[in-house]
Amino acid sequence: MGYLKHAKMNTSFNLLQEEIKKCTKCELCKTRTNVVAGSGNPQAKIMLIGEGPGYYEDQKGVAFIGKSGQLLDKILAACGFTREEHVFISNIVKCRPPENRDPTPAEREACLPYLLQQIELIHPTIIILLGATALKGLIDPRARITKERGEWRTWHHYLVMPTYHPSALLRNPSLKRPAWEDFKKVVAKYRELVDPNHFSAHC
Ligand code: URA
């Protein structure tokens, strides 16, 4: 990307993040502590999309820093990816649903334009959907994560890999192996399309 285009993208992206942080478009703004607009490298070629902030994310305003986030960090490290360099992490909704309930259709609908703008500005090569809410919220409300995970699909010219949410792996450790197979496919695709020299000690 040229220097000017880069600078323009950064400005638009930062403006978008600031707008998201001030959002009052749904009821969740009344109960949140912090908006979790997304974190990582906006120039990254991989974008991860989760469901919505939990308690710790709401406290700090940073995506995936609770138990699921710690597991996600381990998976990313095994792939040779860091948050700072290789990925940007966002969510279907940017504010915590009280008691960690599922976001309602109205909340998802109010928040979706922010996610779509983030995707357009980041323009990742690979999108990883973490769990059913991300798969249904972004791509198809009828899709089943158990059926679709592990298979590449294209969505508006983006390559998408649906996989299990880290919290599902914590609840049911037998899902860790299939999830790891999905991430190995991501590493192979990253080498094919982004960096043939990408190093990972584990795959
Ligand atoms: N779970 C999510 O889906 N997103 C977060 O940011 C944290 C936990």
# chains A, B, ... in the order shown; residues from 1 in each chain; ligands from 1
>>> residues_near_ligand(ligand="ligand 1", cutoff="7 Å", atoms="only C-alpha atoms and all ligand atoms", output="count of residues only")
14
>>> residues_around(residues="stretch 159-171 of chain A", least_positions_apart="6", cutoff="9 Å", atoms="only C-alpha atoms", output="ChimeraX atom specification")
/A:50-51,67-69,71-72,124-132,134-135,145-146,148-153,178-179,182-183,185-186
>>> select_by_dssp(residues="stretch 111-187 of chain A", states="strand (DSSP E)", output="CSV table (one decimal) with C-alpha atoms, in the first residue's frame")
chain,number,residue,atom,x,y,z
A,126,ILE,CA,-8.6,-13.9,6.0
A,127,ILE,CA,-11.5,-13.6,8.3
A,128,ILE,CA,-11.8,-16.1,11.2
A,129,LEU,CA,-15.3,-16.3,12.7
A,130,LEU,CA,-15.2,-17.4,16.3
A,153,ARG,CA,-16.0,-20.0,2.3
A,154,THR,CA,-16.0,-16.7,0.4
A,155,TRP,CA,-18.1,-13.8,1.5
A,158,TYR,CA,-13.2,-12.3,1.7
A,159,LEU,CA,-11.9,-15.7,2.6
A,160,VAL,CA,-13.7,-16.8,5.7
A,161,MET,CA,-12.9,-19.7,8.1
A,162,PRO,CA,-15.6,-20.4,10.7
A,163,THR,CA,-14.4,-22.2,13.8
>>> closest_atom_pairs(of="stretch 115-194 of chain A", to="stretch 21-39 of chain A", cutoff="12 Å", atoms="only C-alpha atoms", output="Markdown table")
| residue | atom | partner | partner_atom | distance |
| --- | --- | --- | --- | --- |
| A:Leu115 | CA | A:Ala37 | CA | 9.2 |
| A:Gln117 | CA | A:Ala37 | CA | 11.9 |
| A:Gln118 | CA | A:Gly38 | CA | 9.1 |
| A:Ile119 | CA | A:Gly38 | CA | 11.3 |
| A:Ile122 | CA | A:Gly38 | CA | 11.7 |
>>> write_last_selection(atoms="all heavy atoms", output="mmCIF file, in the first residue's frame")
data_model
loop_
_atom_site.group_PDB
_atom_site.id
_atom_site.type_symbol
_atom_site.label_atom_id
_atom_site.label_comp_id
_atom_site.auth_asym_id
_atom_site.auth_seq_id
_atom_site.Cartn_x
_atom_site.Cartn_y
_atom_site.Cartn_z
ATOM 1 N N LEU A 115 -18.999 -3.108 12.320
ATOM 2 C CA LEU A 115 -18.141 -4.240 11.953
ATOM 3 C C LEU A 115 -17.879 -4.238 10.447
ATOM 4 O O LEU A 115 -16.747 -4.454 10.010
ATOM 5 C CB LEU A 115 -18.804 -5.556 12.384
ATOM 6 C CG LEU A 115 -18.017 -6.827 12.069
ATOM 7 C CD1 LEU A 115 -16.664 -6.829 12.793
ATOM 8 C CD2 LEU A 115 -18.819 -8.070 12.453
ATOM 9 N N GLN A 117 -17.817 -1.712 8.440
ATOM 10 C CA GLN A 117 -16.842 -0.653 8.109
ATOM 11 C C GLN A 117 -15.433 -1.052 8.524
ATOM 12 O O GLN A 117 -14.459 -0.780 7.813
ATOM 13 C CB GLN A 117 -17.236 0.649 8.805
ATOM 14 C CG GLN A 117 -18.459 1.313 8.196
ATOM 15 C CD GLN A 117 -18.845 2.551 8.998
ATOM 16 O OE1 GLN A 117 -18.225 3.599 8.876
ATOM 17 N NE2 GLN A 117 -19.844 2.423 9.840
ATOM 18 N N GLN A 118 -15.319 -1.694 9.683
ATOM 19 C CA GLN A 118 -13.978 -2.149 10.104
ATOM 20 C C GLN A 118 -13.412 -3.126 9.075
ATOM 21 O O GLN A 118 -12.247 -3.034 8.698
ATOM 22 C CB GLN A 118 -14.064 -2.837 11.481
ATOM 23 C CG GLN A 118 -14.284 -1.871 12.625
ATOM 24 C CD GLN A 118 -14.372 -2.584 13.968
ATOM 25 O OE1 GLN A 118 -14.949 -3.673 14.078
ATOM 26 N NE2 GLN A 118 -13.810 -1.976 15.005
ATOM 27 N N ILE A 119 -14.254 -4.052 8.627
ATOM 28 C CA ILE A 119 -13.785 -5.040 7.649
ATOM 29 C C ILE A 119 -13.337 -4.335 6.368
ATOM 30 O O ILE A 119 -12.267 -4.634 5.822
ATOM 31 C CB ILE A 119 -14.890 -6.088 7.353
ATOM 32 C CG1 ILE A 119 -15.186 -6.934 8.596
ATOM 33 C CG2 ILE A 119 -14.485 -6.987 6.177
ATOM 34 C CD1 ILE A 119 -16.408 -7.848 8.480
ATOM 35 N N ILE A 122 -9.978 -2.404 7.120
ATOM 36 C CA ILE A 122 -8.839 -3.299 7.389
ATOM 37 C C ILE A 122 -8.534 -4.132 6.146
ATOM 38 O O ILE A 122 -7.398 -4.403 5.822
ATOM 39 C CB ILE A 122 -9.138 -4.195 8.615
ATOM 40 C CG1 ILE A 122 -9.239 -3.333 9.872
ATOM 41 C CG2 ILE A 122 -8.071 -5.276 8.786
ATOM 42 C CD1 ILE A 122 -9.783 -4.048 11.086
#
>>> select_by_dssp(residues="chain A", states="helix (DSSP H, G or I)", output="PyMOL selection string")
chain A and resi 3-21+28-31+55-60+67-78+98-100+105-122+132-138+145-148+166-171+173-193
>>> closest_residue(among="A:Ala201, A:Phe88, A:Cys111, A:Lys136", to="A:Val62", atoms="only C-alpha atoms")
A:Phe88
>>> closest_residue(among="A:Gly137, A:Pro42, A:Pro196, A:Gly61", to="A:Thr11", atoms="only C-alpha atoms")
A:Pro42
>>> atom_distance(atom1="atom CA of A:Val93", atom2="atom CA of A:Lys176")
24.9 Å
>>> residues_around(residues="A:Asn41", least_positions_apart="2", cutoff="10 Å", atoms="only C-alpha atoms", output="list of chain:residue names")
A:Gly38, A:Ser39, A:Gln43, A:Ala44, A:Lys45, A:Ile46, A:Met47, A:Thr82, A:Arg83, A:Glu84, A:Glu85, A:His86, A:Val87, A:Phe88, A:Ile89, A:Ile122
>>> write_last_selection(atoms="N, CA and C atoms", output="CSV table (one decimal), in the first residue's frame")
chain,number,residue,atom,x,y,z
A,38,GLY,N,-12.4,-2.9,19.5
A,38,GLY,CA,-11.6,-3.9,18.7
A,38,GLY,C,-10.1,-3.6,19.0
A,39,SER,N,-9.3,-4.6,18.9
A,39,SER,CA,-7.8,-4.4,19.1
A,39,SER,C,-6.9,-5.2,18.3
A,43,GLN,N,-3.7,-2.9,10.2
A,43,GLN,CA,-3.1,-3.3,8.9
A,43,GLN,C,-2.9,-4.8,8.7
A,44,ALA,N,-3.4,-5.6,9.7
A,44,ALA,CA,-3.2,-7.0,9.7
A,44,ALA,C,-4.0,-7.7,8.6
A,45,LYS,N,-3.5,-8.8,8.2
A,45,LYS,CA,-4.1,-9.6,7.1
A,45,LYS,C,-5.1,-10.6,7.6
A,46,ILE,N,-5.2,-10.7,8.9
A,46,ILE,CA,-6.2,-11.6,9.5
A,46,ILE,C,-7.1,-10.9,10.5
A,47,MET,N,-8.4,-11.1,10.3
A,47,MET,CA,-9.3,-10.4,11.3
A,47,MET,C,-10.1,-11.6,12.0
A,82,THR,N,0.9,-12.9,16.4
A,82,THR,CA,0.8,-12.0,17.6
A,82,THR,C,-0.3,-11.0,17.4
A,83,ARG,N,-0.9,-10.5,18.4
A,83,ARG,CA,-2.0,-9.5,18.3
A,83,ARG,C,-1.4,-8.2,17.7
A,84,GLU,N,-0.2,-7.9,18.1
A,84,GLU,CA,0.4,-6.6,17.7
A,84,GLU,C,0.6,-6.6,16.2
A,85,GLU,N,1.0,-7.8,15.6
A,85,GLU,CA,1.5,-7.7,14.2
A,85,GLU,C,0.4,-8.4,13.3
A,86,HIS,N,-0.1,-9.5,13.6
A,86,HIS,CA,-0.8,-10.4,12.6
A,86,HIS,C,-2.3,-10.3,12.6
A,87,VAL,N,-2.9,-9.8,13.6
A,87,VAL,CA,-4.4,-9.9,13.7
A,87,VAL,C,-5.0,-8.6,14.2
A,88,PHE,N,-6.3,-8.4,13.8
A,88,PHE,CA,-7.1,-7.5,14.4
A,88,PHE,C,-8.3,-8.2,14.9
A,89,ILE,N,-8.7,-8.0,16.2
A,89,ILE,CA,-9.8,-8.7,16.8
A,89,ILE,C,-11.0,-7.8,17.1
A,122,ILE,N,-10.0,-2.4,7.1
A,122,ILE,CA,-8.8,-3.3,7.4
A,122,ILE,C,-8.5,-4.1,6.1
>>> residues_around(residues="A:Tyr55", least_positions_apart="3", cutoff="9 Å", atoms="only C-alpha atoms", output="VMD selection string")
chain A and resid 58 to 60 66 96 98 to 100
>>> write_last_selection(atoms="N, CA and C atoms", output="compact mmCIF listing (two decimals), in the first residue's frame")
# COMPACT_ATOMS: atom_id res chain seq x y z
N ASP A 58 -15.22 -5.61 29.20
CA ASP A 58 -16.02 -4.42 29.53
C ASP A 58 -15.27 -3.53 30.53
N GLN A 59 -14.58 -4.17 31.48
CA GLN A 59 -13.83 -3.39 32.47
C GLN A 59 -12.69 -2.62 31.84
N LYS A 60 -12.01 -3.26 30.87
CA LYS A 60 -10.78 -2.64 30.33
C LYS A 60 -10.96 -2.02 28.94
N GLY A 66 -10.25 -11.98 28.83
CA GLY A 66 -10.64 -12.90 29.90
C GLY A 66 -10.11 -14.30 29.61
N ARG A 96 -20.86 -4.94 26.21
CA ARG A 96 -21.18 -6.19 26.91
C ARG A 96 -22.69 -6.35 27.14
N PRO A 98 -25.57 -7.57 29.36
CA PRO A 98 -25.59 -7.86 30.80
C PRO A 98 -25.63 -9.37 31.06
N GLU A 99 -24.93 -9.80 32.08
CA GLU A 99 -24.85 -11.22 32.48
C GLU A 99 -24.34 -12.11 31.34
N ASN A 100 -23.67 -11.53 30.39
CA ASN A 100 -23.13 -12.28 29.24
C ASN A 100 -24.21 -13.02 28.43
>>> closest_residue(among="A:Ile75, A:Tyr114, A:Lys5, A:Ala106", to="A:Glu18", atoms="only C-alpha atoms")
A:Tyr114
>>> atom_distance(atom1="atom CA of A:Leu16", atom2="atom CA of A:Glu109")
17.3 Å
